[in-house]
Amino acid sequence: MSADTDVEVLRRQGRIVVVGASLAGLRAAETLREQGFTGSLTVIGDEPYEPYDRPPLSKQALLGRARPEDTALPRRRDIDAVWRLGVAAEGLDRDAKQVRLANGDTVAYDRLLITTGTRARPWIHPEEAGLDGVFVLRTRDDSARLCRKLTGGVSRVLVIGAGFTGSEVASACRELGLEVTVAERGPAPLVGALGGVVGAVADRLQRRHGVDLRCGISVTALEGDYVGRLRRAHLSDGSAIDVDVAVVSLGAVRNTEWLAGSGLAAGPRGIACDAGCRVFDVNGIVTDDIYAAGDVARSPHPLFDYQFLSLEHWGNAVEQAEIAAHNMICAGPDRRPHLWLPMFWSSQFGVNIKSVGVPPLGDQLVVAQGTLGEERFVAVYGYRGRVIAAASFDGAKWLGFYQQQIESGAPFPPEYRTVDRRTETLEPVDPAFPDPHLPTHGPTVTLTGHSPSERRIKFVPSHA
Amino acid sequence: MRLVVDLNRCQGFAQCVFLAPDVFSLHGEEALLFSPRFDETQRDRVEKAAAACPVQAILVDYSDEPTKGAEPHVG
Ligand SMILES: Cc1cc2nc3c(=O)[nH]c(=O)nc-3n(C[C@H](O)[C@H](O)[C@H](O)COP(=O)(O)OP(=O)(O)OC[C@H]3O[C@@H](n4cnc5c(N)ncnc54)[C@H](O)[C@@H]3O)c2cc1C
Ligand code: SF4
């Protein structure tokens, strides 16, 4: 139809469909209207709720400072959309330009945006995962169920996996006065995201707050009683612990199954798209009518040698959604690339943890501000002579500076004298990332670089 | 009324905590906690806090357009 060729017609009376009614979907819908799109806009989401914010679900919500049902996202403007909530998209027919819904309806589009995100990776044994007391944490409902359980009198909580979500859950449990055991397969908490040097600080932090932390150990089985209530967990060192709650925090799985057979380059690692958010088909040909953004997307980044980068970060979902929305209703030369520098925050045990750049790319690390011992510092990661990332524990005000350093390819180790004279050493050390070939739920990117000017990243499947 | 803080931007200056202590609080030295939903009596304070944030990290509702359209029979 004419809307395919004529951007002006598309902007006035085209049909845009967004699948995935969460952070990226909402921000894209707002941006479309902001930029003057007056056609019809349909937002499809399988959850029955309006778009809500997830980060508070493992922080404020578990601490009882906000109810999970109160995390609906604020609106930047009216979006005049047709909301189809509580119904999943089940298939995509690219010839007919239609999305098929679980209730049999079809929705036609001129432009389609996919923001179906990820879901929590479930416990490996389905029968054990079904026990009363076994939880994951991704949705508003998950959080509400877990909150109810944690305040209902439990004796010991087991957290499986000490990535960011698992560590935040453990932190909240301690603050609620609950006994908690954390089982982590790697050598330290957060090791996949920040490496073993910083992981050792997270390790001390957890133990000091009374977490029974067990690293280098995996949970082998969850055992229930005769009515199907969780009672005990068995660990790889042969021991067992009595628990009534287990929170499975083993990372996320991308929601791409509904695109099977559509001919799009969509799989377990996400949906491949170009830097302008246009989705590739299985032959590596870019589509011009289908876009992707947020946790489900992966796209090339020039800072990382144009290797595909997939991020599960709040800020990335917002930025990428805005770029996708802009590009959907623009002619080619006006399109913009998504060149966001990865950025992330977490708070646990009263410490504000932030990172900028891609720490797992780092081959060296210096503590540029503060000291590891004080649990208050900025660690700067270098990759073959350049600053590639920085992570702070209660040092947020420094990160803007390191963001500039990363963007300008500043030399590593830093040449300047830091303001903070207590810094124990500026001698670079190995940041101690685990072998990327070993299975982990942590990093989404790993390094395969060659020369100082090249920064290559490769994707490792989440369960190798 | 709904709000969200872009915690990538937030640098823990605590300006908002000072202006609307019922809605914003610090957890430890610099981790910000906020109530994503606040009631009308707090509106004035929250708007002041949003305006005063040095890095403009606080987003407050600009629309209360309802989200209609939950499918009743499917899930
Ligand atoms: C507990 C928790 C804590 C977090 N904390 C932080 C943090 O501190 N800092 C940070 O940077 N990030 C954090 N994140 C990550 C952040 O929330 C995500 O990056 C962000 O939500 C991504 O948004 P999205 O819209 O791309 O995907 P999602 O939020 O995953 O939304 C995708 C939506 O699409 C729906 N959907 C899926 N399949 C279909 C289908 N077939 N049809 C219709 N709808 C479908 C899903 O149900 C979901 O509602 C956290 C996430 C969680 C879960
Ligand atoms: S005023 Fe802004 S920067 Fe300061 S704590 Fe509040 S949100 Fe963060």
# chains A, B, ... in the order shown; residues from 1 in each chain; ligands from 1

$ residues_near_ligand --ligand "ligand 2" --cutoff "10 Å" --atoms "only C-alpha atoms and all ligand atoms" --output "NGL selection string"
(:A and (396-397)) or (:B and (4-20 or 24-26 or 30-34 or 49-59))

$ write_last_selection --atoms "N, CA, C and O atoms" --output "compact mmCIF listing (two decimals), in the first residue's frame"
# COMPACT_ATOMS: atom_id res chain seq x y z
N ALA A 396 28.64 7.23 42.47
CA ALA A 396 27.91 7.57 41.24
C ALA A 396 28.37 8.87 40.62
O ALA A 396 28.39 9.01 39.41
N LYS A 397 28.78 9.81 41.46
CA LYS A 397 29.09 11.12 40.90
C LYS A 397 30.30 11.10 39.97
O LYS A 397 30.49 12.01 39.18
N VAL B 4 8.68 8.09 38.00
CA VAL B 4 9.81 7.17 37.88
C VAL B 4 11.07 8.02 37.88
O VAL B 4 11.06 9.17 37.44
N VAL B 5 12.14 7.48 38.46
CA VAL B 5 13.42 8.18 38.45
C VAL B 5 14.38 7.40 37.55
O VAL B 5 14.50 6.19 37.68
N ASP B 6 15.01 8.11 36.64
CA ASP B 6 16.04 7.49 35.81
C ASP B 6 17.29 7.37 36.67
O ASP B 6 18.04 8.34 36.82
N LEU B 7 17.50 6.20 37.23
CA LEU B 7 18.59 6.04 38.20
C LEU B 7 19.96 5.93 37.53
O LEU B 7 20.98 5.95 38.21
N ASN B 8 19.98 5.86 36.20
CA ASN B 8 21.27 6.01 35.53
C ASN B 8 21.75 7.44 35.66
O ASN B 8 22.92 7.71 35.83
N ARG B 9 20.80 8.36 35.56
CA ARG B 9 21.16 9.78 35.66
C ARG B 9 21.36 10.23 37.09
O ARG B 9 22.24 11.05 37.36
N CYS B 10 20.52 9.75 37.97
CA CYS B 10 20.53 10.20 39.37
C CYS B 10 21.93 10.07 39.96
O CYS B 10 22.59 9.06 39.81
N GLN B 11 22.38 11.12 40.63
CA GLN B 11 23.70 11.05 41.26
C GLN B 11 23.61 11.14 42.77
O GLN B 11 24.58 11.44 43.45
N GLY B 12 22.40 10.91 43.28
CA GLY B 12 22.24 10.87 44.72
C GLY B 12 22.49 12.19 45.41
O GLY B 12 22.95 12.22 46.55
N PHE B 13 22.18 13.30 44.74
CA PHE B 13 22.35 14.61 45.38
C PHE B 13 21.37 14.83 46.53
O PHE B 13 21.51 15.76 47.31
N ALA B 14 20.28 14.02 46.53
CA ALA B 14 19.29 14.06 47.61
C ALA B 14 18.47 15.34 47.68
O ALA B 14 17.78 15.59 48.66
N GLN B 15 18.53 16.13 46.66
CA GLN B 15 17.70 17.33 46.59
C GLN B 15 16.21 16.95 46.72
O GLN B 15 15.46 17.59 47.44
N CYS B 16 15.83 15.88 46.03
CA CYS B 16 14.42 15.45 46.05
C CYS B 16 14.02 14.96 47.44
O CYS B 16 12.90 15.17 47.88
N VAL B 17 14.96 14.31 48.12
CA VAL B 17 14.67 13.78 49.46
C VAL B 17 14.36 14.94 50.42
O VAL B 17 13.46 14.85 51.25
N PHE B 18 15.07 16.00 50.22
CA PHE B 18 14.89 17.17 51.04
C PHE B 18 13.52 17.82 50.78
O PHE B 18 12.82 18.23 51.69
N LEU B 19 13.11 17.85 49.50
CA LEU B 19 11.87 18.55 49.13
C LEU B 19 10.62 17.69 49.31
O LEU B 19 9.54 18.22 49.58
N ALA B 20 10.73 16.39 49.11
CA ALA B 20 9.55 15.52 49.24
C ALA B 20 9.92 14.24 49.98
O ALA B 20 9.96 13.16 49.39
N PHE B 24 10.58 10.37 48.39
CA PHE B 24 11.95 9.97 48.08
C PHE B 24 12.72 9.73 49.37
O PHE B 24 12.55 10.48 50.33
N SER B 25 13.57 8.70 49.36
CA SER B 25 14.45 8.53 50.51
C SER B 25 15.76 7.91 50.06
O SER B 25 15.81 7.26 49.01
N LEU B 26 16.79 8.13 50.84
CA LEU B 26 18.06 7.50 50.53
C LEU B 26 18.18 6.22 51.34
O LEU B 26 17.78 6.16 52.49
N GLU B 30 23.93 6.61 49.10
CA GLU B 30 23.47 7.29 47.89
C GLU B 30 22.47 6.53 47.02
O GLU B 30 22.17 6.95 45.92
N ALA B 31 21.96 5.40 47.51
CA ALA B 31 20.96 4.68 46.71
C ALA B 31 19.59 5.30 46.96
O ALA B 31 19.15 5.39 48.09
N LEU B 32 18.94 5.72 45.88
CA LEU B 32 17.65 6.40 46.04
C LEU B 32 16.50 5.41 45.95
O LEU B 32 16.44 4.58 45.04
N LEU B 33 15.59 5.50 46.90
CA LEU B 33 14.33 4.76 46.82
C LEU B 33 13.23 5.79 46.61
O LEU B 33 13.28 6.88 47.17
N PHE B 34 12.24 5.44 45.81
CA PHE B 34 11.13 6.38 45.61
C PHE B 34 9.83 5.61 45.57
O PHE B 34 9.82 4.41 45.27
N ALA B 49 10.32 18.88 43.56
CA ALA B 49 11.49 18.00 43.56
C ALA B 49 11.95 17.72 42.13
O ALA B 49 13.14 17.78 41.82
N ALA B 50 10.99 17.44 41.25
CA ALA B 50 11.33 17.13 39.85
C ALA B 50 12.02 18.33 39.22
O ALA B 50 13.00 18.18 38.48
N ALA B 51 11.52 19.52 39.53
CA ALA B 51 12.12 20.73 38.95
C ALA B 51 13.50 20.99 39.52
O ALA B 51 14.38 21.49 38.84
N ALA B 52 13.71 20.61 40.78
CA ALA B 52 14.97 20.94 41.45
C ALA B 52 16.07 19.93 41.19
O ALA B 52 17.23 20.21 41.45
N CYS B 53 15.71 18.74 40.71
CA CYS B 53 16.74 17.71 40.50
C CYS B 53 17.80 18.23 39.53
O CYS B 53 17.50 18.58 38.40
N PRO B 54 19.05 18.26 39.97
CA PRO B 54 20.12 18.86 39.15
C PRO B 54 20.36 18.13 37.83
O PRO B 54 20.90 18.71 36.91
N VAL B 55 19.97 16.87 37.75
CA VAL B 55 20.21 16.14 36.50
C VAL B 55 18.89 15.78 35.79
O VAL B 55 18.89 14.99 34.84
N GLN B 56 17.79 16.37 36.26
CA GLN B 56 16.48 16.15 35.62
C GLN B 56 16.18 14.66 35.45
O GLN B 56 15.83 14.21 34.36
N ALA B 57 16.30 13.93 36.54
CA ALA B 57 16.12 12.48 36.45
C ALA B 57 14.70 12.04 36.81
O ALA B 57 14.37 10.87 36.66
N ILE B 58 13.88 12.98 37.30
CA ILE B 58 12.56 12.58 37.80
C ILE B 58 11.49 12.84 36.74
O ILE B 58 11.35 13.96 36.26
N LEU B 59 10.75 11.80 36.38
CA LEU B 59 9.66 11.95 35.42
C LEU B 59 8.33 11.74 36.13
O LEU B 59 8.09 10.70 36.74

$ residues_near_ligand --ligand "ligand 1" --cutoff "7 Å" --atoms "only C-alpha atoms and all ligand atoms" --output "VMD selection string"
chain A and resid 19 to 25 44 to 47 53 to 58 87 to 90 115 to 119 137 to 139 165 255 258 293 to 296 312 to 317 343 to 347

$ interface_residues --of "chain A" --to "chain B" --cutoff "6 Å" --atoms "only C-alpha atoms" --output "ChimeraX atom specification"
/A:48,66,70-71,74-78,83-87,350,352,396-397

$ closest_residue --among "A:Arg376, A:Lys354, A:Arg148, A:Arg140" --to "A:Tyr402" --atoms "only C-alpha atoms"
A:Lys354

$ closest_residue --among "A:Leu73, A:Ile160, A:Ala325, A:Val201" --to "A:Arg214" --atoms "only C-alpha atoms"
A:Ile160

$ atom_distance --atom1 "atom CA of A:Arg336" --atom2 "atom CA of A:Cys277"
9.3 Å

$ residues_around --residues "A:Val99" --least-positions-apart "5" --cutoff "12 Å" --atoms "only C-alpha atoms" --output "ChimeraX atom specification"
/A:16-19,42-44,87-94,104-114,258-259,262,290

$ write_last_selection --atoms "N, CA, C and O atoms" --output "short mmCIF file (atom, residue, chain, number, x, y, z; two decimals), in the first residue's frame"
data_model
loop_
_atom_site.label_atom_id
_atom_site.label_comp_id
_atom_site.auth_asym_id
_atom_site.auth_seq_id
_atom_site.Cartn_x
_atom_site.Cartn_y
_atom_site.Cartn_z
N ILE A 16 0.30 1.46 12.95
CA ILE A 16 1.48 0.95 13.65
C ILE A 16 1.04 0.04 14.79
O ILE A 16 0.14 0.38 15.57
N VAL A 17 1.68 -1.12 14.85
CA VAL A 17 1.37 -2.09 15.91
C VAL A 17 2.63 -2.31 16.74
O VAL A 17 3.72 -2.49 16.20
N VAL A 18 2.48 -2.23 18.07
CA VAL A 18 3.58 -2.50 18.99
C VAL A 18 3.23 -3.78 19.73
O VAL A 18 2.16 -3.87 20.34
N VAL A 19 4.10 -4.77 19.69
CA VAL A 19 3.86 -6.00 20.46
C VAL A 19 4.82 -6.00 21.66
O VAL A 19 6.03 -5.99 21.48
N THR A 42 -1.77 0.50 17.84
CA THR A 42 -2.28 -0.60 18.67
C THR A 42 -1.13 -1.14 19.50
O THR A 42 -0.05 -1.40 18.96
N VAL A 43 -1.35 -1.30 20.80
CA VAL A 43 -0.32 -1.87 21.67
C VAL A 43 -0.85 -3.18 22.25
O VAL A 43 -1.90 -3.21 22.89
N ILE A 44 -0.10 -4.25 21.98
CA ILE A 44 -0.53 -5.59 22.39
C ILE A 44 0.38 -6.08 23.50
O ILE A 44 1.61 -6.03 23.38
N VAL A 87 -3.57 -10.39 26.21
CA VAL A 87 -3.65 -11.34 25.10
C VAL A 87 -2.30 -11.35 24.38
O VAL A 87 -1.75 -10.30 24.01
N ALA A 88 -1.74 -12.55 24.21
CA ALA A 88 -0.40 -12.66 23.61
C ALA A 88 -0.48 -12.64 22.09
O ALA A 88 -1.46 -13.10 21.51
N ALA A 89 0.56 -12.11 21.47
CA ALA A 89 0.74 -12.29 20.03
C ALA A 89 1.29 -13.69 19.85
O ALA A 89 2.20 -14.10 20.56
N GLU A 90 0.72 -14.42 18.90
CA GLU A 90 1.11 -15.83 18.76
C GLU A 90 1.82 -16.11 17.45
O GLU A 90 2.47 -17.14 17.30
N GLY A 91 1.65 -15.23 16.49
CA GLY A 91 2.30 -15.47 15.21
C GLY A 91 2.37 -14.21 14.39
O GLY A 91 1.70 -13.21 14.68
N LEU A 92 3.27 -14.26 13.39
CA LEU A 92 3.47 -13.11 12.52
C LEU A 92 3.43 -13.59 11.07
O LEU A 92 4.16 -14.50 10.71
N ASP A 93 2.55 -12.98 10.28
CA ASP A 93 2.48 -13.29 8.85
C ASP A 93 2.99 -12.07 8.10
O ASP A 93 2.28 -11.07 7.97
N ARG A 94 4.23 -12.16 7.63
CA ARG A 94 4.84 -10.99 7.00
C ARG A 94 4.27 -10.71 5.62
O ARG A 94 4.30 -9.58 5.16
N GLY A 104 -7.26 -15.64 18.44
CA GLY A 104 -7.68 -15.86 17.06
C GLY A 104 -7.78 -14.58 16.23
O GLY A 104 -7.83 -14.64 15.01
N ASP A 105 -7.81 -13.43 16.87
CA ASP A 105 -7.88 -12.17 16.13
C ASP A 105 -6.59 -11.94 15.34
O ASP A 105 -5.54 -12.47 15.70
N THR A 106 -6.71 -11.13 14.30
CA THR A 106 -5.50 -10.68 13.62
C THR A 106 -5.49 -9.16 13.62
O THR A 106 -6.54 -8.52 13.62
N VAL A 107 -4.29 -8.60 13.68
CA VAL A 107 -4.15 -7.15 13.66
C VAL A 107 -3.19 -6.78 12.53
O VAL A 107 -2.07 -7.26 12.49
N ALA A 108 -3.67 -5.95 11.61
CA ALA A 108 -2.86 -5.59 10.44
C ALA A 108 -1.97 -4.39 10.75
O ALA A 108 -2.35 -3.52 11.53
N TYR A 109 -0.80 -4.36 10.12
CA TYR A 109 0.12 -3.26 10.36
C TYR A 109 0.77 -2.77 9.06
O TYR A 109 0.89 -3.54 8.10
N ASP A 110 1.18 -1.51 9.08
CA ASP A 110 2.09 -1.02 8.05
C ASP A 110 3.52 -1.03 8.59
O ASP A 110 4.47 -1.25 7.87
N ARG A 111 3.63 -0.74 9.90
CA ARG A 111 4.91 -0.82 10.60
C ARG A 111 4.67 -1.59 11.90
O ARG A 111 3.68 -1.33 12.60
N LEU A 112 5.62 -2.49 12.20
CA LEU A 112 5.49 -3.30 13.41
C LEU A 112 6.71 -3.06 14.29
O LEU A 112 7.84 -3.02 13.81
N LEU A 113 6.49 -2.88 15.59
CA LEU A 113 7.60 -2.77 16.53
C LEU A 113 7.50 -3.92 17.54
O LEU A 113 6.45 -4.12 18.16
N ILE A 114 8.60 -4.65 17.70
CA ILE A 114 8.61 -5.79 18.61
C ILE A 114 9.39 -5.42 19.87
O ILE A 114 10.58 -5.11 19.81
N TRP A 258 7.25 -16.72 19.65
CA TRP A 258 6.05 -16.43 18.85
C TRP A 258 6.40 -16.03 17.42
O TRP A 258 5.55 -16.02 16.55
N LEU A 259 7.69 -15.77 17.15
CA LEU A 259 8.10 -15.37 15.80
C LEU A 259 8.59 -16.56 14.97
O LEU A 259 9.02 -16.38 13.83
N SER A 262 8.30 -17.02 11.07
CA SER A 262 8.00 -15.73 10.45
C SER A 262 9.07 -15.32 9.44
O SER A 262 8.88 -14.39 8.67
N ILE A 290 9.64 -3.71 9.92
CA ILE A 290 9.61 -4.35 11.24
C ILE A 290 10.81 -3.90 12.06
O ILE A 290 11.95 -3.96 11.59
#

$ atom_distance --atom1 "atom CA of A:Pro68" --atom2 "atom CA of A:Val180"
21.9 Å

$ closest_residue --among "A:Ala379, A:Cys147, A:Val279, A:Met328" --to "A:Phe37" --atoms "only C-alpha atoms"
A:Met328

$ select_by_dssp --residues "stretch 11-69 of chain B" --states "strand (DSSP E)" --output "list in words"
Phe24, Ser25, Leu26, His27, Ala31, Leu32, Leu33, Phe34, Ile58, Leu59 and Val60 of chain B

$ write_last_selection --atoms "all heavy atoms" --output "mmCIF file, in the first residue's frame"
data_model
loop_
_atom_site.group_PDB
_atom_site.id
_atom_site.type_symbol
_atom_site.label_atom_id
_atom_site.label_comp_id
_atom_site.auth_asym_id
_atom_site.auth_seq_id
_atom_site.Cartn_x
_atom_site.Cartn_y
_atom_site.Cartn_z
ATOM 1 N N PHE B 24 10.577 10.369 48.394
ATOM 2 C CA PHE B 24 11.945 9.969 48.076
ATOM 3 C C PHE B 24 12.718 9.734 49.367
ATOM 4 O O PHE B 24 12.554 10.476 50.328
ATOM 5 C CB PHE B 24 12.676 11.082 47.302
ATOM 6 C CG PHE B 24 11.979 11.491 46.035
ATOM 7 C CD1 PHE B 24 11.085 12.558 46.036
ATOM 8 C CD2 PHE B 24 12.214 10.817 44.851
ATOM 9 C CE1 PHE B 24 10.441 12.942 44.865
ATOM 10 C CE2 PHE B 24 11.576 11.190 43.673
ATOM 11 C CZ PHE B 24 10.684 12.261 43.682
ATOM 12 N N SER B 25 13.570 8.701 49.359
ATOM 13 C CA SER B 25 14.448 8.533 50.513
ATOM 14 C C SER B 25 15.755 7.907 50.059
ATOM 15 O O SER B 25 15.812 7.260 49.006
ATOM 16 C CB SER B 25 13.773 7.656 51.576
ATOM 17 O OG SER B 25 13.554 6.366 51.052
ATOM 18 N N LEU B 26 16.789 8.132 50.844
ATOM 19 C CA LEU B 26 18.060 7.504 50.527
ATOM 20 C C LEU B 26 18.181 6.224 51.337
ATOM 21 O O LEU B 26 17.775 6.158 52.490
ATOM 22 C CB LEU B 26 19.228 8.433 50.867
ATOM 23 C CG LEU B 26 19.575 9.511 49.845
ATOM 24 C CD1 LEU B 26 20.870 10.197 50.242
ATOM 25 C CD2 LEU B 26 19.689 8.963 48.432
ATOM 26 N N HIS B 27 18.762 5.229 50.686
ATOM 27 C CA HIS B 27 18.981 3.948 51.328
ATOM 28 C C HIS B 27 20.486 3.798 51.389
ATOM 29 O O HIS B 27 21.128 3.636 50.357
ATOM 30 C CB HIS B 27 18.341 2.873 50.456
ATOM 31 C CG HIS B 27 18.237 1.556 51.121
ATOM 32 N ND1 HIS B 27 18.649 0.401 50.531
ATOM 33 C CD2 HIS B 27 17.753 1.214 52.330
ATOM 34 C CE1 HIS B 27 18.432 -0.609 51.357
ATOM 35 N NE2 HIS B 27 17.898 -0.146 52.446
ATOM 36 N N ALA B 31 21.960 5.395 47.507
ATOM 37 C CA ALA B 31 20.963 4.677 46.707
ATOM 38 C C ALA B 31 19.590 5.298 46.956
ATOM 39 O O ALA B 31 19.146 5.393 48.093
ATOM 40 C CB ALA B 31 20.956 3.199 47.079
ATOM 41 N N LEU B 32 18.943 5.725 45.881
ATOM 42 C CA LEU B 32 17.650 6.397 46.035
ATOM 43 C C LEU B 32 16.500 5.410 45.948
ATOM 44 O O LEU B 32 16.439 4.583 45.039
ATOM 45 C CB LEU B 32 17.498 7.465 44.936
ATOM 46 C CG LEU B 32 16.241 8.311 45.026
ATOM 47 C CD1 LEU B 32 16.307 9.259 46.213
ATOM 48 C CD2 LEU B 32 16.011 9.098 43.741
ATOM 49 N N LEU B 33 15.591 5.501 46.904
ATOM 50 C CA LEU B 33 14.334 4.758 46.824
ATOM 51 C C LEU B 33 13.229 5.786 46.613
ATOM 52 O O LEU B 33 13.279 6.875 47.172
ATOM 53 C CB LEU B 33 14.063 3.986 48.111
ATOM 54 C CG LEU B 33 14.967 2.796 48.431
ATOM 55 C CD1 LEU B 33 14.536 2.146 49.747
ATOM 56 C CD2 LEU B 33 14.941 1.770 47.312
ATOM 57 N N PHE B 34 12.235 5.443 45.806
ATOM 58 C CA PHE B 34 11.131 6.383 45.614
ATOM 59 C C PHE B 34 9.830 5.607 45.566
ATOM 60 O O PHE B 34 9.823 4.409 45.275
ATOM 61 C CB PHE B 34 11.329 7.186 44.321
ATOM 62 C CG PHE B 34 11.414 6.333 43.087
ATOM 63 C CD1 PHE B 34 10.278 6.007 42.354
ATOM 64 C CD2 PHE B 34 12.645 5.830 42.649
ATOM 65 C CE1 PHE B 34 10.365 5.206 41.219
ATOM 66 C CE2 PHE B 34 12.735 5.029 41.515
ATOM 67 C CZ PHE B 34 11.596 4.722 40.802
ATOM 68 N N ILE B 58 13.877 12.978 37.297
ATOM 69 C CA ILE B 58 12.556 12.577 37.800
ATOM 70 C C ILE B 58 11.489 12.844 36.744
ATOM 71 O O ILE B 58 11.354 13.963 36.257
ATOM 72 C CB ILE B 58 12.223 13.345 39.094
ATOM 73 C CG1 ILE B 58 13.332 13.125 40.128
ATOM 74 C CG2 ILE B 58 10.860 12.919 39.642
ATOM 75 C CD1 ILE B 58 13.217 14.014 41.357
ATOM 76 N N LEU B 59 10.752 11.799 36.385
ATOM 77 C CA LEU B 59 9.659 11.955 35.418
ATOM 78 C C LEU B 59 8.326 11.744 36.127
ATOM 79 O O LEU B 59 8.087 10.703 36.738
ATOM 80 C CB LEU B 59 9.804 10.936 34.281
ATOM 81 C CG LEU B 59 8.661 10.935 33.257
ATOM 82 C CD1 LEU B 59 8.652 12.214 32.430
ATOM 83 C CD2 LEU B 59 8.768 9.727 32.342
ATOM 84 N N VAL B 60 7.477 12.759 36.048
ATOM 85 C CA VAL B 60 6.155 12.693 36.673
ATOM 86 C C VAL B 60 5.119 12.654 35.558
ATOM 87 O O VAL B 60 5.354 13.171 34.471
ATOM 88 C CB VAL B 60 5.948 13.940 37.561
ATOM 89 C CG1 VAL B 60 4.681 13.811 38.388
ATOM 90 C CG2 VAL B 60 7.139 14.143 38.491
#
